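Undergrad: Mind having a look at this structure? Questions to follow.
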Amino acid sequence: MSSPPPVIAAPAGVIRPRPAFTRQLKRIAARYKGVPIGGSLLLILVLIALAAPIIAPHDPQALNPAGRLQPPGGPHPFGTDNFGRDVFSRAVWGARLSLEVGFLVALCTVVAGTIIGLTAGYFRRLDTVIMRIMDSMMAFPGIVLAIGLMAALGPSKYNVVLALTVVDTPRLARLVRSVVLTLREMQFVEAAVALGVSNLRIVAVHILPNCLSPIIVQGTFIFASAVLGEASLSFLGAGTPPYIPSWGNMLAEARGYLRDAPWMMLFPGLALTLAVLALNLLGDGVRDLLDPRLRNL
């Protein structure tokens, strides 16, 4: 009987490749095309927003009445607006504001909605009270509630974040609660209760990790909704102050010049469309990737 071939160890300091992991990444990229496409678009927008002071050729708030409503070309690749401000510079700086507001809203909503949903879903005595409050908040149309909050708080970037967080939190809380209601009846939770594990540890260790997939997916959609919500509030004059570069403010200013200067609305509208499209593609891809019923790797 022949002896098995000797095993040759890799030299010290050499990292051996992991072909299985590489193949898995290629399969994921081929099967879930929304993840690389949406992620790439979002990454480009984030890099543009971070590099706004370098990319923008002009001060986004500098007025030049003598050069107002110039068509795209020359020193102004996207043209100028009704005050002579460079549209390209304002669109680049608007990306920073919109993505920052969207990220902060998504982060605050995920934290608040997860805490509320876990509390309402696990503690039965608090469920009725908490969810009736959430239902009363959801009774108002989202944009109407946001406008009302902004009218009370005043125009500010962080007030926009607060208003949109209040609007989106009840929906995420209901989603988390529905998942917790199912997990609470599982055998591994009942076993933890029988062993005398504290409620806080059960929620943090046994229930919360099983809620992360829907929370992550919903967080991407909340990000997209917040970007669009900030633009809507600014467009209606209830968002950030008009002098701050924002895609919504730019679209609002372009309403009266759609025929004479269509580039004022074209470029910020295109940027807003790409941002929402990227986040929705990324959210759809992540949902398919995290759902075991849709995976076919």
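Ligands are numbered from 1 in the order shown, chains are lettered A, B, ... in the order of the structure tokens, and residues start at 1 in each chain.
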So which bits of segment 56-248 of chain A end up helix (DSSP H, G or I) when you DSSP the backbone, as a PyMOL selection string?

TA: chain A and resi 65-67+87-122+124-138+142-153+157-183+187-194+199-235+247-248

Undergrad: Find the residues around segment 53-66 of chain A up to 9 Å (only C-alpha atoms counted), leave out those fewer than 2 positions away in its own chain, and share them as number ranges by chain.

TA: A: 48-51, 68, 75-76, 82-93, 243-245

Undergrad: Would you mind exporting the chosen residues as a short mmCIF file (atom, residue, chain, number, x, y, z; two decimals), in the first residue's frame, restricted to C-alpha atoms?

TA:
```
data_model
loop_
_atom_site.label_atom_id
_atom_site.label_comp_id
_atom_site.auth_asym_id
_atom_site.auth_seq_id
_atom_site.Cartn_x
_atom_site.Cartn_y
_atom_site.Cartn_z
CA ILE A 48 -17.73 63.47 -5.31
CA ALA A 49 -19.35 64.75 -2.11
CA LEU A 50 -16.19 64.24 -0.05
CA ALA A 51 -14.02 65.92 -2.67
CA ARG A 68 -26.43 84.96 -15.04
CA PRO A 75 -15.64 77.90 -17.22
CA HIS A 76 -19.16 76.76 -16.28
CA ASN A 82 -30.39 83.17 -12.20
CA PHE A 83 -27.86 84.76 -9.82
CA GLY A 84 -24.80 83.86 -11.88
CA ARG A 85 -23.75 81.06 -9.55
CA ASP A 86 -22.01 78.03 -11.04
CA VAL A 87 -24.51 75.16 -11.32
CA PHE A 88 -21.80 72.49 -11.32
CA SER A 89 -20.28 73.74 -8.06
CA ARG A 90 -23.70 73.96 -6.43
CA ALA A 91 -24.63 70.45 -7.61
CA VAL A 92 -21.38 69.03 -6.19
CA TRP A 93 -21.87 70.72 -2.83
CA TYR A 243 -28.53 80.01 0.50
CA ILE A 244 -27.22 76.49 1.28
CA PRO A 245 -26.52 74.47 -1.89
#
```

Undergrad: Any idea what the distance is between atom CA of Val276 of chain A and atom CA of Ala254 of chain A?

TA: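 For atom CA of Val276 of chain A relative to atom CA of Ala254 of chain A, the distance reads 20.3 Å.
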
Undergrad: If we count only C-alpha atoms, what is near Gly283 of chain A at a cut-off of 8 Å, once residues fewer than 2 positions away on the same chain are taken out, given as a ChimeraX atom specification?

TA: /A:34-35,217-218,220-221,279-281,285-287

Undergrad: Just to be explicit: take each residue in the selection above, keep all heavy atoms, and write the result as a PDB file, in the first residue's frame.

TA:
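That gives us part39.pdb:
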```pdb
ATOM      1  N   GLY A  34     -27.598  44.203  -8.817  1.00  0.00           N
ATOM      2  CA  GLY A  34     -27.908  45.469  -8.176  1.00  0.00           C
ATOM      3  C   GLY A  34     -26.870  45.895  -7.162  1.00  0.00           C
ATOM      4  O   GLY A  34     -26.654  47.098  -6.946  1.00  0.00           O
ATOM      5  N   VAL A  35     -26.198  44.925  -6.521  1.00  0.00           N
ATOM      6  CA  VAL A  35     -25.198  45.265  -5.507  1.00  0.00           C
ATOM      7  C   VAL A  35     -23.995  45.980  -6.119  1.00  0.00           C
ATOM      8  O   VAL A  35     -23.626  47.074  -5.679  1.00  0.00           O
ATOM      9  CB  VAL A  35     -24.768  44.008  -4.724  1.00  0.00           C
ATOM     10  CG1 VAL A  35     -23.640  44.333  -3.762  1.00  0.00           C
ATOM     11  CG2 VAL A  35     -25.956  43.425  -3.962  1.00  0.00           C
ATOM     12  N   VAL A 217     -31.549  45.948   5.171  1.00  0.00           N
ATOM     13  CA  VAL A 217     -32.228  46.191   3.898  1.00  0.00           C
ATOM     14  C   VAL A 217     -33.111  47.428   3.991  1.00  0.00           C
ATOM     15  O   VAL A 217     -33.084  48.306   3.113  1.00  0.00           O
ATOM     16  CB  VAL A 217     -33.055  44.958   3.504  1.00  0.00           C
ATOM     17  CG1 VAL A 217     -33.895  45.258   2.272  1.00  0.00           C
ATOM     18  CG2 VAL A 217     -32.141  43.768   3.238  1.00  0.00           C
ATOM     19  N   GLN A 218     -33.883  47.520   5.059  1.00  0.00           N
ATOM     20  CA  GLN A 218     -34.761  48.676   5.212  1.00  0.00           C
ATOM     21  C   GLN A 218     -33.965  49.953   5.389  1.00  0.00           C
ATOM     22  O   GLN A 218     -34.401  51.028   4.969  1.00  0.00           O
ATOM     23  CB  GLN A 218     -35.688  48.452   6.414  1.00  0.00           C
ATOM     24  CG  GLN A 218     -36.843  49.436   6.516  1.00  0.00           C
ATOM     25  CD  GLN A 218     -37.817  49.313   5.364  1.00  0.00           C
ATOM     26  OE1 GLN A 218     -37.890  48.272   4.726  1.00  0.00           O
ATOM     27  NE2 GLN A 218     -38.568  50.361   5.101  1.00  0.00           N
ATOM     28  N   THR A 220     -31.247  50.811   3.836  1.00  0.00           N
ATOM     29  CA  THR A 220     -30.872  51.347   2.526  1.00  0.00           C
ATOM     30  C   THR A 220     -32.039  52.087   1.874  1.00  0.00           C
ATOM     31  O   THR A 220     -31.856  53.133   1.253  1.00  0.00           O
ATOM     32  CB  THR A 220     -30.392  50.218   1.608  1.00  0.00           C
ATOM     33  OG1 THR A 220     -31.437  49.254   1.446  1.00  0.00           O
ATOM     34  CG2 THR A 220     -29.166  49.539   2.188  1.00  0.00           C
ATOM     35  N   PHE A 221     -33.243  51.552   2.034  1.00  0.00           N
ATOM     36  CA  PHE A 221     -34.411  52.225   1.467  1.00  0.00           C
ATOM     37  C   PHE A 221     -34.728  53.519   2.220  1.00  0.00           C
ATOM     38  O   PHE A 221     -35.188  54.497   1.616  1.00  0.00           O
ATOM     39  CB  PHE A 221     -35.615  51.291   1.470  1.00  0.00           C
ATOM     40  CG  PHE A 221     -35.472  50.102   0.555  1.00  0.00           C
ATOM     41  CD1 PHE A 221     -35.565  48.816   1.042  1.00  0.00           C
ATOM     42  CD2 PHE A 221     -35.213  50.277  -0.788  1.00  0.00           C
ATOM     43  CE1 PHE A 221     -35.424  47.722   0.205  1.00  0.00           C
ATOM     44  CE2 PHE A 221     -35.064  49.199  -1.641  1.00  0.00           C
ATOM     45  CZ  PHE A 221     -35.166  47.907  -1.139  1.00  0.00           C
ATOM     46  N   LEU A 279     -29.246  53.844  -4.510  1.00  0.00           N
ATOM     47  CA  LEU A 279     -29.627  53.301  -3.212  1.00  0.00           C
ATOM     48  C   LEU A 279     -30.703  52.234  -3.347  1.00  0.00           C
ATOM     49  O   LEU A 279     -30.687  51.223  -2.627  1.00  0.00           O
ATOM     50  CB  LEU A 279     -30.107  54.439  -2.309  1.00  0.00           C
ATOM     51  CG  LEU A 279     -29.002  55.383  -1.824  1.00  0.00           C
ATOM     52  CD1 LEU A 279     -29.583  56.654  -1.238  1.00  0.00           C
ATOM     53  CD2 LEU A 279     -28.125  54.684  -0.791  1.00  0.00           C
ATOM     54  N   ASN A 280     -31.635  52.421  -4.266  1.00  0.00           N
ATOM     55  CA  ASN A 280     -32.672  51.408  -4.457  1.00  0.00           C
ATOM     56  C   ASN A 280     -32.099  50.134  -5.066  1.00  0.00           C
ATOM     57  O   ASN A 280     -32.484  49.017  -4.678  1.00  0.00           O
ATOM     58  CB  ASN A 280     -33.792  51.953  -5.342  1.00  0.00           C
ATOM     59  CG  ASN A 280     -34.730  52.873  -4.586  1.00  0.00           C
ATOM     60  OD1 ASN A 280     -35.017  52.641  -3.417  1.00  0.00           O
ATOM     61  ND2 ASN A 280     -35.198  53.916  -5.232  1.00  0.00           N
ATOM     62  N   LEU A 281     -31.188  50.266  -6.037  1.00  0.00           N
ATOM     63  CA  LEU A 281     -30.532  49.084  -6.596  1.00  0.00           C
ATOM     64  C   LEU A 281     -29.732  48.347  -5.533  1.00  0.00           C
ATOM     65  O   LEU A 281     -29.765  47.108  -5.456  1.00  0.00           O
ATOM     66  CB  LEU A 281     -29.612  49.487  -7.752  1.00  0.00           C
ATOM     67  CG  LEU A 281     -30.280  49.883  -9.070  1.00  0.00           C
ATOM     68  CD1 LEU A 281     -29.224  50.372 -10.060  1.00  0.00           C
ATOM     69  CD2 LEU A 281     -31.050  48.714  -9.668  1.00  0.00           C
ATOM     70  N   GLY A 285     -30.532  44.551  -4.171  1.00  0.00           N
ATOM     71  CA  GLY A 285     -29.509  43.518  -4.217  1.00  0.00           C
ATOM     72  C   GLY A 285     -29.193  42.946  -2.847  1.00  0.00           C
ATOM     73  O   GLY A 285     -29.031  41.726  -2.694  1.00  0.00           O
ATOM     74  N   VAL A 286     -29.108  43.800  -1.841  1.00  0.00           N
ATOM     75  CA  VAL A 286     -28.834  43.327  -0.486  1.00  0.00           C
ATOM     76  C   VAL A 286     -29.997  42.475   0.030  1.00  0.00           C
ATOM     77  O   VAL A 286     -29.789  41.465   0.703  1.00  0.00           O
ATOM     78  CB  VAL A 286     -28.569  44.522   0.446  1.00  0.00           C
ATOM     79  CG1 VAL A 286     -28.484  44.077   1.902  1.00  0.00           C
ATOM     80  CG2 VAL A 286     -27.278  45.225   0.048  1.00  0.00           C
ATOM     81  N   ARG A 287     -31.220  42.860  -0.301  1.00  0.00           N
ATOM     82  CA  ARG A 287     -32.371  42.059   0.115  1.00  0.00           C
ATOM     83  C   ARG A 287     -32.307  40.659  -0.488  1.00  0.00           C
ATOM     84  O   ARG A 287     -32.501  39.659   0.214  1.00  0.00           O
ATOM     85  CB  ARG A 287     -33.666  42.745  -0.329  1.00  0.00           C
ATOM     86  CG  ARG A 287     -34.941  41.972   0.024  1.00  0.00           C
ATOM     87  CD  ARG A 287     -36.084  42.474  -0.787  1.00  0.00           C
ATOM     88  NE  ARG A 287     -35.834  42.295  -2.219  1.00  0.00           N
ATOM     89  CZ  ARG A 287     -36.549  42.864  -3.177  1.00  0.00           C
ATOM     90  NH1 ARG A 287     -37.544  43.658  -2.865  1.00  0.00           N
ATOM     91  NH2 ARG A 287     -36.251  42.647  -4.446  1.00  0.00           N
TER      92      ARG A 287
END
```

Undergrad: Just want the 9 Å neighbourhood of Leu208 of chain A, counted on only C-alpha atoms, with same-chain residues fewer than 3 positions away dropped. Output as a list in words.

TA: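 Those residues are Thr114, Leu118, Val180, Ile202, Val203, Ala204, Val205, Cys211 and Leu212 of chain A.
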
Undergrad: Do a neighbour search on Val166 of chain A at 10 Å with only C-alpha atoms, toss out local chain neighbours closer than 5 positions, and write the hits as a VMD selection string.

TA: chain A and resid 105 108 to 109 112 to 113 134 137 to 138 142 145 to 146 149 160 to 161 171
